[in-house]
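S.K.: One file: start.txt (compact mmCIF, C-alpha atoms).
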# COMPACT_ATOMS: atom_id res chain seq x y z
CA MET A 1 36.80 -33.19 9.40
CA VAL A 2 33.88 -35.44 10.40
CA PRO A 3 30.67 -33.54 11.31
CA GLN A 4 28.66 -35.27 14.02
CA ALA A 5 25.30 -34.51 15.57
CA GLY A 6 23.52 -36.98 17.90
CA ASN A 7 25.59 -39.97 16.72
CA THR A 8 22.51 -42.15 16.16
CA GLY A 9 23.16 -42.89 12.47
CA LEU A 10 23.07 -46.52 11.37
CA VAL A 11 25.45 -46.59 8.37
CA GLY A 12 28.57 -45.05 9.92
CA GLY A 13 28.28 -41.67 8.21
CA GLN A 14 29.03 -39.81 11.44
CA ILE A 15 31.88 -42.03 12.66
CA PRO A 16 35.57 -41.17 12.08
CA MET A 17 37.51 -43.77 10.13
CA GLY A 18 40.85 -42.81 11.70
CA GLY A 19 42.98 -39.66 11.64
CA GLU A 20 40.14 -37.13 11.21
CA VAL A 21 38.97 -34.31 13.47
CA LEU A 22 35.52 -34.93 14.96
CA LEU A 23 33.39 -31.78 14.71
CA SER A 24 30.30 -31.82 16.93
CA VAL A 25 27.37 -29.43 16.44
CA GLY A 26 26.00 -30.37 19.87
CA ARG A 27 26.54 -26.92 21.41
CA LEU A 28 24.52 -25.15 18.70
CA LYS A 29 21.31 -25.28 20.72
CA ARG A 30 19.43 -22.03 20.10
CA VAL A 31 15.97 -21.54 18.68
CA ARG A 32 16.81 -18.38 16.76
CA ALA A 33 13.28 -17.50 15.67
CA LEU A 34 9.81 -18.94 16.03
CA ASP A 35 7.12 -17.55 13.72
CA ALA A 36 3.84 -19.21 14.64
CA GLN A 37 1.85 -17.09 12.19
CA GLY A 38 4.24 -17.87 9.36
CA PHE A 39 4.46 -21.55 10.38
CA THR A 40 8.26 -21.59 10.54
CA MET A 41 11.02 -21.77 13.10
CA THR A 42 14.74 -21.20 12.74
CA VAL A 43 16.85 -23.54 14.86
CA GLU A 44 20.48 -24.45 15.27
CA THR A 45 21.40 -27.99 14.39
CA GLY A 46 22.59 -29.22 17.78
CA LEU A 47 19.00 -29.13 18.99
CA THR A 48 17.61 -32.62 19.50
CA LEU A 49 14.59 -33.57 17.46
CA ALA A 50 12.53 -33.80 20.66
CA GLU A 51 13.59 -30.26 21.62
CA ALA A 52 12.57 -28.98 18.19
CA GLN A 53 9.21 -30.72 18.51
CA ALA A 54 8.71 -29.18 21.97
CA ALA A 55 9.57 -25.69 20.69
CA ALA A 56 6.89 -26.01 18.01
CA ASP A 57 4.40 -27.45 20.47
CA ALA A 58 4.90 -24.48 22.82
CA VAL A 59 3.27 -22.22 20.21
CA ASN A 60 0.60 -24.77 19.28
CA ARG A 61 2.35 -25.89 16.13
CA LEU A 62 3.61 -29.26 14.88
CA PHE A 63 7.06 -30.16 13.62
CA PRO A 64 6.14 -33.56 12.20
CA LEU A 65 9.48 -35.36 11.84
CA SER A 66 9.26 -38.30 14.26
CA LEU A 67 11.85 -41.00 14.97
CA PRO A 68 12.32 -43.53 17.80
CA SER A 69 15.66 -41.83 18.57
CA GLU A 70 14.17 -38.32 18.76
CA GLY A 71 15.34 -37.82 22.35
CA THR A 72 19.01 -38.02 21.29
CA CYS A 73 19.24 -37.50 17.52
CA GLN A 74 19.88 -33.91 16.50
CA ILE A 75 18.53 -31.71 13.72
CA GLY A 76 21.93 -31.61 12.02
CA GLY A 77 21.99 -35.37 11.63
CA ASN A 78 18.34 -35.47 10.60
CA LEU A 79 19.05 -33.06 7.75
CA GLY A 80 22.42 -34.52 6.85
CA ALA A 81 20.85 -37.94 6.38
CA ASN A 82 17.48 -36.70 5.07
CA ALA A 83 15.70 -38.63 7.84
CA GLY A 84 12.27 -40.13 7.23
CA GLY A 85 10.32 -41.73 10.06
CA VAL A 86 6.67 -42.43 10.69
CA GLY A 87 5.40 -39.00 9.61
CA ALA A 88 6.80 -39.21 6.08
CA LEU A 89 3.51 -40.64 4.78
CA VAL A 90 1.86 -37.20 4.93
CA TYR A 91 4.61 -34.68 5.67
CA GLY A 92 7.52 -36.12 3.70
CA ASN A 93 11.15 -36.70 4.63
CA ALA A 94 13.38 -34.08 6.27
CA ARG A 95 14.04 -32.51 2.86
CA GLN A 96 10.36 -31.56 2.52
CA LEU A 97 10.40 -29.88 5.94
CA VAL A 98 13.17 -27.32 5.26
CA LEU A 99 12.86 -23.85 3.74
CA GLY A 100 16.37 -22.53 4.31
CA LEU A 101 19.82 -23.41 5.63
CA GLU A 102 22.98 -21.93 7.06
CA VAL A 103 26.05 -23.94 6.08
CA VAL A 104 29.78 -23.65 6.79
CA LEU A 105 31.70 -24.58 3.66
CA ALA A 106 34.96 -26.49 3.38
CA ASP A 107 36.94 -23.24 2.81
CA GLY A 108 35.47 -21.65 5.96
CA ARG A 109 32.95 -19.38 4.26
CA VAL A 110 29.38 -19.35 5.56
CA TRP A 111 26.48 -19.63 3.16
CA SER A 112 23.51 -17.88 4.76
CA GLY A 113 20.41 -19.20 3.06
CA LEU A 114 18.08 -18.84 6.02
CA ASN A 115 15.05 -17.52 4.19
CA ALA A 116 11.54 -18.66 5.07
CA LEU A 117 10.14 -18.35 1.55
CA LYS A 118 8.04 -21.13 0.12
CA LYS A 119 8.61 -19.72 -3.36
CA ASP A 120 12.09 -18.64 -4.38
CA ASN A 121 13.01 -19.33 -8.01
CA THR A 122 16.35 -17.52 -8.06
CA GLY A 123 18.68 -20.09 -9.52
CA TYR A 124 19.77 -23.48 -8.20
CA ASP A 125 18.20 -24.64 -4.93
CA LEU A 126 21.43 -25.02 -2.98
CA LYS A 127 19.82 -26.29 0.21
CA ASP A 128 18.79 -29.54 -1.44
CA LEU A 129 22.44 -30.30 -2.19
CA PHE A 130 23.34 -30.21 1.50
CA ILE A 131 20.30 -32.09 2.80
CA GLY A 132 21.11 -35.77 2.55
CA SER A 133 24.81 -35.15 1.76
CA GLU A 134 25.89 -36.59 5.15
CA GLY A 135 28.34 -33.79 5.89
CA THR A 136 30.41 -34.34 2.73
CA LEU A 137 29.64 -30.93 1.17
CA GLY A 138 29.34 -28.62 4.18
CA VAL A 139 28.42 -28.42 7.85
CA ILE A 140 24.78 -27.44 8.41
CA THR A 141 24.65 -25.11 11.42
CA ALA A 142 21.07 -23.77 11.28
CA ALA A 143 17.83 -24.37 9.41
CA VAL A 144 14.44 -22.80 8.78
CA LEU A 145 11.95 -25.59 9.40
CA LYS A 146 8.33 -25.80 8.29
CA LEU A 147 5.65 -26.03 10.96
CA PHE A 148 2.10 -27.31 10.60
CA PRO A 149 -1.21 -26.96 12.42
CA LYS A 150 -1.18 -29.11 15.51
CA PRO A 151 -3.80 -31.89 15.35
CA ALA A 152 -6.51 -31.46 17.95
CA GLU A 153 -7.19 -35.19 18.07
CA LYS A 154 -5.76 -38.51 16.97
CA ALA A 155 -7.20 -41.99 16.67
CA THR A 156 -4.98 -45.06 16.68
CA ALA A 157 -5.79 -48.66 15.79
CA PHE A 158 -3.87 -51.92 15.87
CA VAL A 159 -5.12 -54.24 13.14
CA ALA A 160 -4.64 -57.96 12.52
CA LEU A 161 -4.19 -58.96 8.88
CA PRO A 162 -4.75 -62.41 7.34
CA ASP A 163 -1.87 -62.02 4.87
CA LEU A 164 0.64 -59.55 3.46
CA ASP A 165 -1.45 -58.59 0.42
CA SER A 166 -4.13 -57.38 2.83
CA ALA A 167 -1.68 -54.76 4.08
CA LEU A 168 -1.69 -53.17 0.63
CA ALA A 169 -5.46 -53.45 0.30
CA LEU A 170 -5.99 -51.82 3.71
CA PHE A 171 -3.59 -49.00 2.89
CA ASN A 172 -5.37 -48.23 -0.36
CA LEU A 173 -8.74 -48.28 1.39
CA GLY A 174 -7.43 -46.02 4.14
CA GLN A 175 -6.14 -43.54 1.58
CA GLU A 176 -9.45 -43.56 -0.28
CA MET A 177 -11.58 -43.06 2.83
CA ALA A 178 -9.38 -40.88 5.04
CA GLY A 179 -7.07 -39.11 2.57
CA ALA A 180 -4.53 -36.83 4.28
CA SER A 181 -6.16 -37.60 7.64
CA LEU A 182 -4.36 -40.97 7.53
CA THR A 183 -1.15 -39.74 9.13
CA ALA A 184 0.57 -43.05 9.88
CA TYR A 185 0.47 -46.55 8.45
CA GLU A 186 2.98 -49.06 9.78
CA VAL A 187 3.07 -52.77 8.93
CA MET A 188 4.90 -55.54 10.77
CA ALA A 189 5.22 -59.31 10.57
CA ARG A 190 4.00 -61.60 13.33
CA ILE A 191 7.58 -62.23 14.49
CA VAL A 192 8.06 -58.50 15.14
CA LEU A 193 5.15 -58.30 17.55
CA GLU A 194 6.05 -61.57 19.25
CA THR A 195 9.64 -60.43 19.71
CA VAL A 196 8.59 -57.10 21.24
CA VAL A 197 6.08 -58.72 23.61
CA ARG A 198 8.67 -61.30 24.69
CA HIS A 199 11.59 -58.95 25.27
CA VAL A 200 10.19 -55.51 26.17
CA GLN A 201 8.94 -55.17 29.72
CA GLY A 202 5.29 -54.18 29.91
CA ALA A 203 4.53 -54.79 26.22
CA ARG A 204 1.29 -56.68 25.71
CA HIS A 205 -0.25 -58.43 22.72
CA PRO A 206 -3.35 -56.54 21.47
CA PHE A 207 -5.20 -59.74 20.42
CA PRO A 208 -6.01 -63.04 22.15
CA THR A 209 -4.66 -65.10 19.23
CA PRO A 210 -1.73 -64.47 16.83
CA HIS A 211 -2.10 -63.38 13.22
CA PRO A 212 0.38 -63.44 10.28
CA TRP A 213 0.65 -59.65 9.87
CA TYR A 214 -0.30 -56.47 11.70
CA ALA A 215 -0.84 -52.82 10.83
CA LEU A 216 -0.75 -49.74 13.03
CA LEU A 217 -2.95 -46.93 11.72
CA GLU A 218 -3.33 -43.37 12.91
CA THR A 219 -5.77 -40.71 11.75
CA SER A 220 -5.58 -37.06 12.81
CA GLY A 221 -8.06 -34.21 12.90
CA LEU A 222 -7.66 -30.46 13.26
CA LYS A 223 -10.89 -30.20 15.28
CA ALA A 224 -11.70 -32.10 18.45
CA ASP A 225 -15.02 -33.27 17.07
CA GLY A 226 -14.46 -37.01 16.89
CA SER A 227 -13.85 -37.00 13.13
CA ALA A 228 -10.47 -38.74 13.42
CA GLU A 229 -11.95 -41.76 15.20
CA ARG A 230 -15.03 -41.71 13.00
CA LEU A 231 -12.93 -41.89 9.81
CA LEU A 232 -10.82 -44.67 11.27
CA THR A 233 -13.86 -46.65 12.40
CA GLU A 234 -15.55 -46.31 9.03
CA ALA A 235 -12.44 -47.46 7.19
CA LEU A 236 -11.94 -50.49 9.45
CA THR A 237 -15.62 -51.40 9.23
CA GLU A 238 -15.44 -51.34 5.44
CA ALA A 239 -12.21 -53.35 5.53
CA SER A 240 -13.85 -55.97 7.74
CA GLU A 241 -16.84 -56.26 5.43
CA ARG A 242 -14.49 -56.80 2.47
CA GLY A 243 -12.54 -59.47 4.35
CA ILE A 244 -9.34 -57.40 4.31
CA ILE A 245 -8.75 -57.52 8.07
CA ALA A 246 -9.10 -60.30 10.65
CA ASP A 247 -9.47 -58.15 13.79
CA ALA A 248 -8.89 -54.60 14.99
CA VAL A 249 -8.64 -52.62 18.23
CA ILE A 250 -9.05 -48.84 18.35
CA ALA A 251 -7.25 -47.23 21.28
CA SER A 252 -9.70 -45.99 23.88
CA SER A 253 -7.24 -43.77 25.78
CA LEU A 254 -3.96 -41.91 25.40
CA THR A 255 -2.31 -44.65 27.42
CA GLN A 256 -3.49 -47.30 24.97
CA GLN A 257 -2.34 -45.14 22.05
CA ARG A 258 1.13 -44.96 23.60
CA ASP A 259 1.08 -48.71 24.21
CA PHE A 260 0.28 -49.37 20.55
CA TRP A 261 3.09 -47.09 19.37
CA ARG A 262 5.46 -48.69 21.86
CA LEU A 263 4.92 -52.02 20.10
CA ARG A 264 6.19 -50.37 16.92
CA GLU A 265 8.97 -48.24 18.33
CA SER A 266 10.53 -50.91 20.58
CA TYR A 267 11.44 -53.02 17.56
CA SER A 268 15.18 -52.32 17.54
CA GLU A 269 15.55 -52.79 21.28
CA ALA A 270 13.58 -56.04 21.26
CA GLN A 271 15.63 -57.57 18.46
CA LYS A 272 18.95 -57.53 20.34
CA PRO A 273 18.33 -60.72 22.38
CA LEU A 274 17.82 -62.67 19.13
CA GLY A 275 21.56 -62.49 18.44
CA GLY A 276 23.20 -61.40 15.21
CA SER A 277 21.13 -59.28 12.86
CA VAL A 278 21.69 -58.28 9.24
CA LYS A 279 19.94 -54.96 8.68
CA ASN A 280 18.51 -53.51 5.47
CA ASP A 281 16.89 -50.10 5.01
CA VAL A 282 15.35 -50.23 1.55
CA SER A 283 12.44 -48.88 -0.43
CA VAL A 284 10.36 -50.17 -3.33
CA PRO A 285 7.18 -48.89 -4.99
CA VAL A 286 4.35 -49.26 -2.46
CA ALA A 287 2.43 -51.76 -4.57
CA ALA A 288 5.56 -53.94 -4.79
CA ILE A 289 6.14 -54.29 -1.03
CA PRO A 290 4.41 -57.70 -0.70
CA GLU A 291 6.34 -59.09 -3.66
CA PHE A 292 9.60 -57.70 -2.33
CA ILE A 293 9.18 -59.31 1.09
CA ARG A 294 8.22 -62.69 -0.35
CA ARG A 295 11.13 -62.72 -2.79
CA ALA A 296 13.60 -61.41 -0.21
CA ASP A 297 12.50 -64.08 2.29
CA ALA A 298 13.13 -66.79 -0.31
CA ALA A 299 16.54 -65.36 -1.25
CA VAL A 300 17.69 -65.13 2.36
CA LEU A 301 16.56 -68.64 3.24
CA ARG A 302 18.43 -70.05 0.25
CA ILE A 303 21.63 -68.54 1.63
CA CYS A 304 20.95 -69.30 5.30
CA PRO A 305 18.25 -71.89 6.05
CA GLY A 306 16.59 -71.15 9.36
CA ALA A 307 17.34 -67.42 9.26
CA ARG A 308 14.52 -65.29 10.67
CA PRO A 309 13.42 -62.32 8.52
CA ILE A 310 11.90 -59.60 10.70
CA PRO A 311 10.33 -57.08 8.31
CA ILE A 312 8.69 -53.89 9.50
CA SER A 313 7.59 -51.19 7.09
CA HIS A 314 6.53 -47.56 7.05
CA PHE A 315 4.64 -48.94 4.04
CA GLY A 316 2.90 -45.79 2.84
CA ASP A 317 6.22 -44.39 1.60
CA GLY A 318 7.57 -47.74 0.38
CA ASN A 319 10.21 -48.00 3.12
CA VAL A 320 10.91 -51.49 4.51
CA HIS A 321 13.29 -52.15 7.38
CA TYR A 322 14.10 -55.69 6.35
CA ASN A 323 16.23 -57.16 9.12
CA ILE A 324 17.23 -60.80 9.42
CA ALA A 325 18.02 -62.48 12.75
CA GLN A 326 20.35 -65.45 12.98
CA PRO A 327 18.85 -68.97 13.08
CA GLU A 328 18.23 -70.32 16.56
CA GLY A 329 21.25 -72.34 17.68
CA MET A 330 23.60 -70.90 15.04
CA ALA A 331 26.83 -69.24 16.18
CA ARG A 332 26.66 -65.47 15.85
CA ASP A 333 30.00 -65.09 14.08
CA LYS A 334 29.09 -67.78 11.55
CA PHE A 335 25.86 -65.96 10.72
CA MET A 336 27.45 -62.50 10.55
CA ALA A 337 30.02 -63.88 8.10
CA LEU A 338 27.11 -64.16 5.66
CA TRP A 339 26.34 -60.41 5.92
CA ASP A 340 27.56 -59.46 2.45
CA ASP A 341 25.91 -62.41 0.73
CA ILE A 342 22.58 -61.72 2.42
CA VAL A 343 22.65 -57.95 1.81
CA HIS A 344 23.56 -58.38 -1.85
CA ALA A 345 20.75 -60.90 -2.33
CA VAL A 346 18.23 -58.54 -0.72
CA HIS A 347 19.49 -55.60 -2.76
CA ASP A 348 19.23 -57.62 -5.97
CA VAL A 349 15.52 -58.08 -5.25
CA VAL A 350 15.17 -54.37 -4.43
CA LEU A 351 16.81 -53.28 -7.68
CA SER A 352 14.78 -55.71 -9.76
CA LEU A 353 11.69 -53.90 -8.46
CA ASN A 354 13.13 -50.44 -9.23
CA GLY A 355 13.75 -49.73 -5.58
CA SER A 356 16.53 -48.09 -3.55
CA ILE A 357 19.21 -49.69 -1.36
CA SER A 358 18.87 -46.81 1.14
CA ALA A 359 15.46 -45.41 2.01
CA GLU A 360 16.20 -43.15 4.97
CA HIS A 361 19.48 -44.10 6.67
CA GLY A 362 21.86 -42.81 4.01
CA ILE A 363 25.03 -44.30 2.51
CA GLY A 364 27.64 -43.51 5.16
CA GLN A 365 30.63 -45.83 4.93
CA MET A 366 28.65 -49.08 4.86
CA LYS A 367 27.15 -48.68 1.38
CA VAL A 368 29.84 -46.72 -0.47
CA ALA A 369 30.90 -49.60 -2.70
CA GLU A 370 27.32 -50.54 -3.57
CA LEU A 371 26.34 -46.95 -4.37
CA ALA A 372 28.88 -46.90 -7.19
CA GLN A 373 27.39 -50.12 -8.53
CA VAL A 374 23.75 -49.06 -8.50
CA LYS A 375 23.74 -45.37 -9.45
CA GLY A 376 25.33 -45.66 -12.88
CA PRO A 377 28.34 -43.81 -14.35
CA VAL A 378 26.54 -40.56 -15.21
CA ALA A 379 25.07 -40.11 -11.73
CA MET A 380 28.39 -40.97 -10.08
CA ASP A 381 30.24 -38.52 -12.31
CA LEU A 382 27.82 -35.71 -11.45
CA MET A 383 28.07 -36.42 -7.72
CA ARG A 384 31.87 -36.50 -7.85
CA ARG A 385 31.89 -33.16 -9.70
CA ILE A 386 29.65 -31.63 -7.05
CA LYS A 387 31.91 -32.97 -4.29
CA ALA A 388 35.00 -31.57 -6.05
CA ALA A 389 33.36 -28.16 -6.47
CA PHE A 390 32.30 -27.83 -2.83
CA ASP A 391 35.23 -29.64 -1.21
CA PRO A 392 38.22 -29.70 -3.62
CA LYS A 393 40.65 -30.82 -0.91
CA GLY A 394 38.38 -33.64 0.25
CA ILE A 395 38.47 -32.64 3.92
CA LEU A 396 34.75 -33.05 4.72
CA ASN A 397 33.76 -36.52 5.93
CA PRO A 398 36.20 -38.40 3.70
CA GLY A 399 35.29 -41.96 2.75
CA LYS A 400 31.56 -41.39 3.18
CA VAL A 401 28.96 -41.50 0.37
CA LEU A 402 31.65 -41.31 -2.37
Transcribe the structure of this file into structure tokens.

M.R.:
Amino acid sequence: MVPQAGNTGLVGGQIPMGGEVLLSVGRLKRVRALDAQGFTMTVETGLTLAEAQAAADAVNRLFPLSLPSEGTCQIGGNLGANAGGVGALVYGNARQLVLGLEVVLADGRVWSGLNALKKDNTGYDLKDLFIGSEGTLGVITAAVLKLFPKPAEKATAFVALPDLDSALALFNLGQEMAGASLTAYEVMARIVLETVVRHVQGARHPFPTPHPWYALLETSGLKADGSAERLLTEALTEASERGIIADAVIASSLTQQRDFWRLRESYSEAQKPLGGSVKNDVSVPVAAIPEFIRRADAAVLRICPGARPIPISHFGDGNVHYNIAQPEGMARDKFMALWDDIVHAVHDVVLSLNGSISAEHGIGQMKVAELAQVKGPVAMDLMRRIKAAFDPKGILNPGKVL
């Protein structure tokens, strides 16, 4: 039995391997309850992320999970994979946005844990076992989600950086000056922006000349009093005086804000014309991101001279989408044959920095073998015992995660 939501996962966790029954949650579309005063809503897991966001917005609340695929990905998949996205900097991953769950177990029983309590110390927190389990322990059919005050204003800036270390310096300064008002901090290499501008219709470069690195910053305010833009301006002014940034543009309209975010969110689409791509979703301690990228670049180029690393990072939560495009002129199949060598080299760097080989995409079927290598025997034994307790016949999403 393979549970499937919006089928947008990137590690094959939702894809049958042959001989299984595909179980879609796509018809579970109801918003069962919406408590604006209690800042919660109870939804079924076939709802798309965009529909969940819209339901919260209709009562002037925010459901902050945000992904480029939000128009098609569904809440069930978001919870099954413990999705992250651009809002994780302040609001956390999907796990931090859930108060309760309803789950169908492997034996057909239904666990109804749909409480909206923020404090409930009555034994083991079962919901956290199912979130991120990729459908291997049970089928999530409904969830109580946390809502937040809807920001009254946002300010967005695209910033040019002289080097990668400046990305860390700017993030630290932004945290110090804006605190929780800094609601997004995305970093991308020059090649990312150039690729998007070249291959996405209507995308435009924010600066007259290129720079080595770029950051996309967003600040939010609960009052429409200009404080969001004021905080952002003050932080960028200080950064300029310290020599941290080379240039910056603050969006002057909603259209320009959308244009800036489009440069970030069109990354996957824009990469396709470059040919074969080896993809890595990893995380390291925030302060180690510059070192990771430099060492990973060197490791990849030793294996495949001319390969084109295309790193883009949520940064504030340590997550780096470290993708590598094939060298210009190289045959796609020849490059893709190096997939395992490249991924293992990148993961070796990640692990040497006490990082994770999966930041927000999960394990699925692509990383099963590596999970057993990196988690250690005690962790693997505990996970196998949990799997055996919840699914003794092994009928739920076999071959995934474990």

S.K.: With all atoms listed in the file counted, which protein, DNA or RNA residues have an atom no more than 10 Å from (20.4, -15.7, 10.5) in the file frame? Please answer as a PyMOL selection string.

M.R.: chain A and resi 32-33+42-44+101-102+112-115+142-144

S.K.: Include C-alpha atoms and write out the residues we just selected as a PDB file, in the coordinates of the input.

M.R.:
ATOM      1  CA  ARG A  32      16.810 -18.380  16.760  1.00  0.00           C
ATOM      2  CA  ALA A  33      13.280 -17.500  15.670  1.00  0.00           C
ATOM      3  CA  THR A  42      14.740 -21.200  12.740  1.00  0.00           C
ATOM      4  CA  VAL A  43      16.850 -23.540  14.860  1.00  0.00           C
ATOM      5  CA  GLU A  44      20.480 -24.450  15.270  1.00  0.00           C
ATOM      6  CA  LEU A 101      19.820 -23.410   5.630  1.00  0.00           C
ATOM      7  CA  GLU A 102      22.980 -21.930   7.060  1.00  0.00           C
ATOM      8  CA  SER A 112      23.510 -17.880   4.760  1.00  0.00           C
ATOM      9  CA  GLY A 113      20.410 -19.200   3.060  1.00  0.00           C
ATOM     10  CA  LEU A 114      18.080 -18.840   6.020  1.00  0.00           C
ATOM     11  CA  ASN A 115      15.050 -17.520   4.190  1.00  0.00           C
ATOM     12  CA  ALA A 142      21.070 -23.770  11.280  1.00  0.00           C
ATOM     13  CA  ALA A 143      17.830 -24.370   9.410  1.00  0.00           C
ATOM     14  CA  VAL A 144      14.440 -22.800   8.780  1.00  0.00           C
TER      15      VAL A 144
END

S.K.: May I have the residues within 10 Å of range 277-284 of chain A as an NGL selection string, using all atoms listed in the file and disregarding those fewer than 2 positions away in the same chain?

M.R.: :A and (10-11 or 271-272 or 274-275 or 286-292 or 307-311 or 313-315 or 317-327 or 332 or 335-336 or 338-340 or 342-343 or 346-347 or 349-362)

S.K.: Nearest residue to Leu382 in chain A out of A:Ala337, A:Ile293, A:Leu396, A:Leu129, using all atoms listed in the file?

M.R.: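 Result for the nearest residue to Leu382 in chain A: A:Leu129.
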
S.K.: I'd like to know which of A:Arg204, A:Lys334, A:Arg109, A:Arg190 is closest to Gly276 in chain A, using all atoms listed in the file.

M.R.: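 Between A:Arg204, A:Lys334, A:Arg109, A:Arg190, the residue approaching Gly276 in chain A most closely is A:Lys334.
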
S.K.: Quote the spacing between CA of Glu229 in chain A and CA of Ala50 in chain A in Å to one decimal place.

M.R.: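 So the answer is 26.3 Å.
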
S.K.: Which residue gives the smallest distance to Gly87 in chain A among A:Leu222, A:Leu62, A:Leu231, A:Leu402, with all atoms listed in the file counted?

M.R.: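 Using all atoms listed in the file, the shortest distance to Gly87 in chain A belongs to A:Leu62.
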